[in-house]
$ cat work.txt   # compact mmCIF, C-alpha atoms
# COMPACT_ATOMS: atom_id res chain seq x y z
CA MET U 1 0.00 0.00 0.00
CA ALA U 2 1.54 3.28 -1.17
CA THR U 3 0.59 6.58 0.45
CA VAL U 4 1.31 10.16 -0.59
CA GLU U 5 0.74 12.87 2.01
CA LEU U 6 0.21 16.45 0.96
CA ARG U 7 0.03 19.33 3.45
CA PHE U 8 -0.67 22.91 2.48
CA SER U 9 -1.55 26.17 4.18
CA ALA U 10 -5.20 27.17 4.05
CA LEU U 11 -4.99 29.34 0.96
CA PRO U 12 -7.39 28.94 -1.98
CA GLU U 13 -4.53 29.00 -4.52
CA HIS U 14 -3.20 25.70 -3.14
CA VAL U 15 -6.42 23.82 -3.93
CA ARG U 16 -5.50 23.60 -7.63
CA THR U 17 -2.17 21.99 -6.74
CA ALA U 18 -3.95 19.43 -4.55
CA ARG U 19 -6.32 18.59 -7.44
CA LEU U 20 -3.44 18.11 -9.88
CA VAL U 21 -1.46 15.92 -7.47
CA ALA U 22 -4.56 13.84 -6.66
CA ALA U 23 -5.30 13.24 -10.35
CA ALA U 24 -1.69 12.26 -11.08
CA VAL U 25 -1.53 9.81 -8.17
CA ALA U 26 -4.99 8.41 -9.05
CA ARG U 27 -3.88 7.80 -12.62
CA ARG U 28 -0.74 6.01 -11.42
CA ALA U 29 -2.83 3.96 -8.96
CA GLY U 30 -4.99 2.64 -11.80
CA VAL U 31 -8.18 4.69 -11.49
CA ASP U 32 -10.11 4.56 -14.76
CA GLU U 33 -9.36 7.56 -17.02
CA ALA U 34 -13.09 8.28 -17.31
CA VAL U 35 -13.28 8.89 -13.54
CA LEU U 36 -10.27 11.22 -13.20
CA ASP U 37 -12.37 14.36 -13.71
CA GLU U 38 -14.60 13.26 -10.83
CA VAL U 39 -11.52 12.71 -8.67
CA ARG U 40 -10.26 16.22 -9.49
CA LEU U 41 -13.63 17.84 -8.81
CA ALA U 42 -14.24 15.94 -5.55
CA VAL U 43 -10.77 16.73 -4.21
CA GLY U 44 -11.15 20.37 -5.22
CA GLU U 45 -14.49 20.59 -3.41
CA ALA U 46 -13.18 18.85 -0.27
CA CYS U 47 -10.04 20.98 -0.16
CA SER U 48 -11.97 24.21 -0.80
CA ARG U 49 -14.30 23.28 2.05
CA ALA U 50 -11.34 22.62 4.38
CA VAL U 51 -9.68 25.90 3.38
CA GLY U 52 -12.92 27.78 4.05
CA LEU U 53 -13.32 26.14 7.45
CA HIS U 54 -9.75 26.97 8.45
CA ARG U 55 -10.01 30.57 7.30
CA SER U 56 -13.42 31.24 8.90
CA ASN U 57 -12.29 29.70 12.21
CA ASP U 58 -8.81 31.28 12.23
CA VAL U 59 -7.03 27.92 12.24
CA ALA U 60 -3.37 28.25 11.22
CA ALA U 61 -2.69 24.50 10.89
CA PRO U 62 -2.25 23.06 7.38
CA ILE U 63 -4.83 21.10 5.43
CA THR U 64 -3.84 17.43 5.10
CA VAL U 65 -4.55 15.32 2.02
CA MET U 66 -3.70 11.61 2.12
CA LEU U 67 -3.65 9.75 -1.22
CA ILE U 68 -3.75 6.02 -0.49
CA GLU U 69 -3.19 3.37 -3.13
CA ASP U 70 -4.56 0.01 -2.06
CA GLU U 71 -4.78 -3.28 -3.95
CA LYS U 72 -8.30 -2.76 -5.31
CA LYS U 73 -9.10 0.86 -4.56
CA PHE U 74 -7.67 4.35 -4.42
CA SER U 75 -8.64 6.51 -1.44
CA ILE U 76 -8.28 10.17 -0.63
CA GLU U 77 -8.64 11.64 2.84
CA VAL U 78 -8.94 15.42 3.19
CA GLY U 79 -8.52 16.52 6.78
CA ASP U 80 -9.08 19.81 8.51
CA GLU U 81 -8.31 20.77 12.08
CA VAL U 82 -11.55 22.56 12.94
CA PRO U 83 -13.21 20.78 15.89
CA GLY U 84 -16.66 19.48 14.98
CA SER U 85 -16.29 20.67 11.38
CA ALA U 86 -18.20 17.80 9.83
CA ALA U 87 -20.83 17.55 12.53
CA SER U 88 -23.65 18.80 10.29
CA SER U 89 -23.17 15.84 7.97
CA VAL U 90 -22.85 13.15 10.63
CA PRO U 91 -26.21 11.60 11.58
CA GLY U 92 -27.30 12.41 15.14
CA VAL U 93 -24.93 15.37 15.57
CA GLN U 94 -26.30 18.89 15.52
CA HIS U 95 -24.71 22.34 15.66
CA ALA U 96 -25.78 24.57 18.54
CA ALA U 97 -25.81 28.27 17.65
CA ASP U 98 -24.52 30.62 20.33
CA GLY U 99 -26.63 33.48 21.67
CA ASP U 100 -25.32 36.06 19.18
CA PRO U 101 -27.95 36.66 16.47
CA ASP U 102 -25.31 37.70 13.91
CA GLY U 103 -23.22 34.63 14.74
CA ALA U 104 -26.28 32.39 14.42
CA GLU U 105 -27.10 33.80 10.98
CA SER U 106 -23.48 33.36 9.88
CA ALA U 107 -23.49 29.80 11.22
CA VAL U 108 -26.65 29.03 9.21
CA VAL U 109 -25.07 30.39 6.00
CA ASP U 110 -21.81 28.51 6.66
CA GLU U 111 -23.74 25.32 7.40
CA ALA U 112 -25.77 25.67 4.18
CA GLU U 113 -22.58 26.14 2.13
CA ASP U 114 -21.01 23.19 3.95
CA GLU U 115 -24.00 20.96 3.19
CA MET U 116 -23.93 22.05 -0.48
CA GLY U 117 -20.23 21.17 -0.75
CA LEU U 118 -20.83 17.78 0.85
CA ALA U 119 -23.78 17.17 -1.50
CA VAL U 120 -21.54 17.90 -4.51
CA ILE U 121 -18.93 15.45 -3.21
CA SER U 122 -21.60 12.80 -2.58
CA GLY U 123 -22.82 13.25 -6.15
CA LEU U 124 -19.32 12.74 -7.54
CA VAL U 125 -18.15 9.87 -5.34
CA ASP U 126 -20.03 6.63 -4.67
CA ASP U 127 -17.93 5.71 -1.63
CA VAL U 128 -17.66 8.75 0.67
CA GLU U 129 -17.51 9.02 4.46
CA VAL U 130 -17.47 12.20 6.54
CA THR U 131 -16.30 12.06 10.14
CA SER U 132 -15.76 14.65 12.81
CA SER U 133 -14.02 14.80 16.17
CA ASP U 134 -12.60 17.29 18.61
CA ASN U 135 -9.42 17.29 16.48
CA GLY U 136 -11.16 18.16 13.21
CA GLY U 137 -12.97 16.53 10.34
CA VAL U 138 -12.04 14.09 7.59
CA ILE U 139 -13.68 13.41 4.25
CA ARG U 140 -12.73 9.94 2.96
CA MET U 141 -13.42 9.17 -0.69
CA SER U 142 -12.50 6.06 -2.64
CA TRP U 143 -12.67 4.76 -6.18
CA PRO U 144 -12.04 1.28 -7.57
CA THR U 145 -8.84 0.71 -9.49
CA VAL U 146 -8.50 -1.15 -12.76
CA PRO U 147 -6.09 -4.07 -12.41
CA ASP U 148 -3.07 -4.19 -14.69
CA PRO U 149 -3.66 -6.50 -17.65
CA VAL U 150 -1.92 -9.84 -17.42
CA LEU U 151 0.53 -10.23 -20.28
CA PRO U 152 1.02 -13.71 -21.76
$ encode --input "work.txt" --output "structure tokens"
Amino acid sequence: MATVELRFSALPEHVRTARLVAAAVARRAGVDEAVLDEVRLAVGEACSRAVGLHRSNDVAAPITVMLIEDEKKFSIEVGDEVPGSAASSVPGVQHAADGDPDGAESAVVDEAEDEMGLAVISGLVDDVEVTSSDNGGVIRMSWPTVPDPVLP
């Protein structure tokens, strides 16, 4: 199992680099060429979401992208370090708005954008999992790989 780890500061201009690296590693891992655009788009959406979370919560830590090549699948994990960042997408977990009316409105807008981004990712990737903890959130996406042809 080969793994590539990419870390970048939470700046929008680094998302494009993450997409390009993800597509190159996916191609090398054996992901079908027809799916590479979906890989690029899903990684771009997940990384943009993480960048937005870091910037809106003043988190200085880098975004982490793990590209994992397994025997029959290729996985990507995009991690942020915003506590409870994926809570809105995890069943049974709810956000509690604080008493500030402006903060509550901002939280509703941020949550709506977050849900839209997660919906886009879910539409692009069949196998997606979103988790959240006190250390941050992770979006795990995976695609099947095409085995190398056996030469006679």
$ residues_around --input "work.txt" --residues "Leu118 in chain U" --least-positions-apart "5" --cutoff "9 Å" --atoms "all atoms listed in the file" --output "list of chain:residue names"
U:Glu45, U:Ala46, U:Arg49, U:Ser89, U:Glu113, U:Gly123, U:Val130
$ atom_distance --input "work.txt" --atom1 "CA of Asn57 in chain U" --atom2 "CA of Ser122 in chain U"
24.3 Å
$ closest_residue --input "work.txt" --among "U:Glu129, U:Ile76, U:Leu41, U:Ala34" --to "Arg16 in chain U" --atoms "all atoms listed in the file"
U:Leu41
$ atom_distance --input "work.txt" --atom1 "CA of Glu13 in chain U" --atom2 "CA of Val138 in chain U"
20.6 Å
$ residues_around --input "work.txt" --residues "range 142-148 of chain U" --least-positions-apart "2" --cutoff "6 Å" --atoms "all atoms listed in the file" --output "PyMOL selection string"
chain U and resi 30-31+72-75+127
$ atom_distance --input "work.txt" --atom1 "CA of Ser56 in chain U" --atom2 "CA of Arg140 in chain U"
22.1 Å
$ residues_around --input "work.txt" --residues "Leu124 in chain U" --least-positions-apart "4" --cutoff "8 Å" --atoms "all atoms listed in the file" --output "PDB file with C-alpha atoms, in the frame of the given file"
ATOM      1  CA  GLU U  38     -14.600  13.260 -10.830  1.00  0.00           C
ATOM      2  CA  VAL U  39     -11.520  12.710  -8.670  1.00  0.00           C
ATOM      3  CA  LEU U  41     -13.630  17.840  -8.810  1.00  0.00           C
ATOM      4  CA  ALA U  42     -14.240  15.940  -5.550  1.00  0.00           C
ATOM      5  CA  VAL U 120     -21.540  17.900  -4.510  1.00  0.00           C
TER       6      VAL U 120
END
$ closest_residue --input "work.txt" --among "U:Asp80, U:Asp126, U:Glu5, U:Asp32" --to "Leu67 in chain U" --atoms "all atoms listed in the file"
U:Glu5
$ residues_near_point --input "work.txt" --point "(-10.6, 30.1, 9.5)" --cutoff "12 Å" --atoms "only C-alpha atoms" --output "list in words"
Ser9, Ala10, Leu11, Pro12, Ser48, Arg49, Ala50, Val51, Gly52, Leu53, His54, Arg55, Ser56, Asn57, Asp58, Val59, Ala60, Ala61, Pro62, Ile63, Asp80, Glu81, Val82, Pro83, Ser85 and Asp110 of chain U
$ closest_residue --input "work.txt" --among "U:Thr64, U:Arg7, U:Val15, U:Glu69" --to "Arg28 in chain U" --atoms "all atoms listed in the file"
U:Glu69
$ closest_residue --input "work.txt" --among "U:Val128, U:Ala23, U:Cys47, U:Ile68" --to "Val4 in chain U" --atoms "all atoms listed in the file"
U:Ile68
$ closest_residue --input "work.txt" --among "U:Ala119, U:Ala112, U:Met66, U:Ile139" --to "Val25 in chain U" --atoms "all atoms listed in the file"
U:Met66
$ axis_aligned_box --input "work.txt" --around "range 68-79 of chain U" --padding-each-side "5 Å" --output "lines of an AutoDock Vina configuration file"
center_x = -6.1
center_y = 6.6
center_z = 0.7
size_x = 15.9
size_y = 29.8
size_z = 22.1
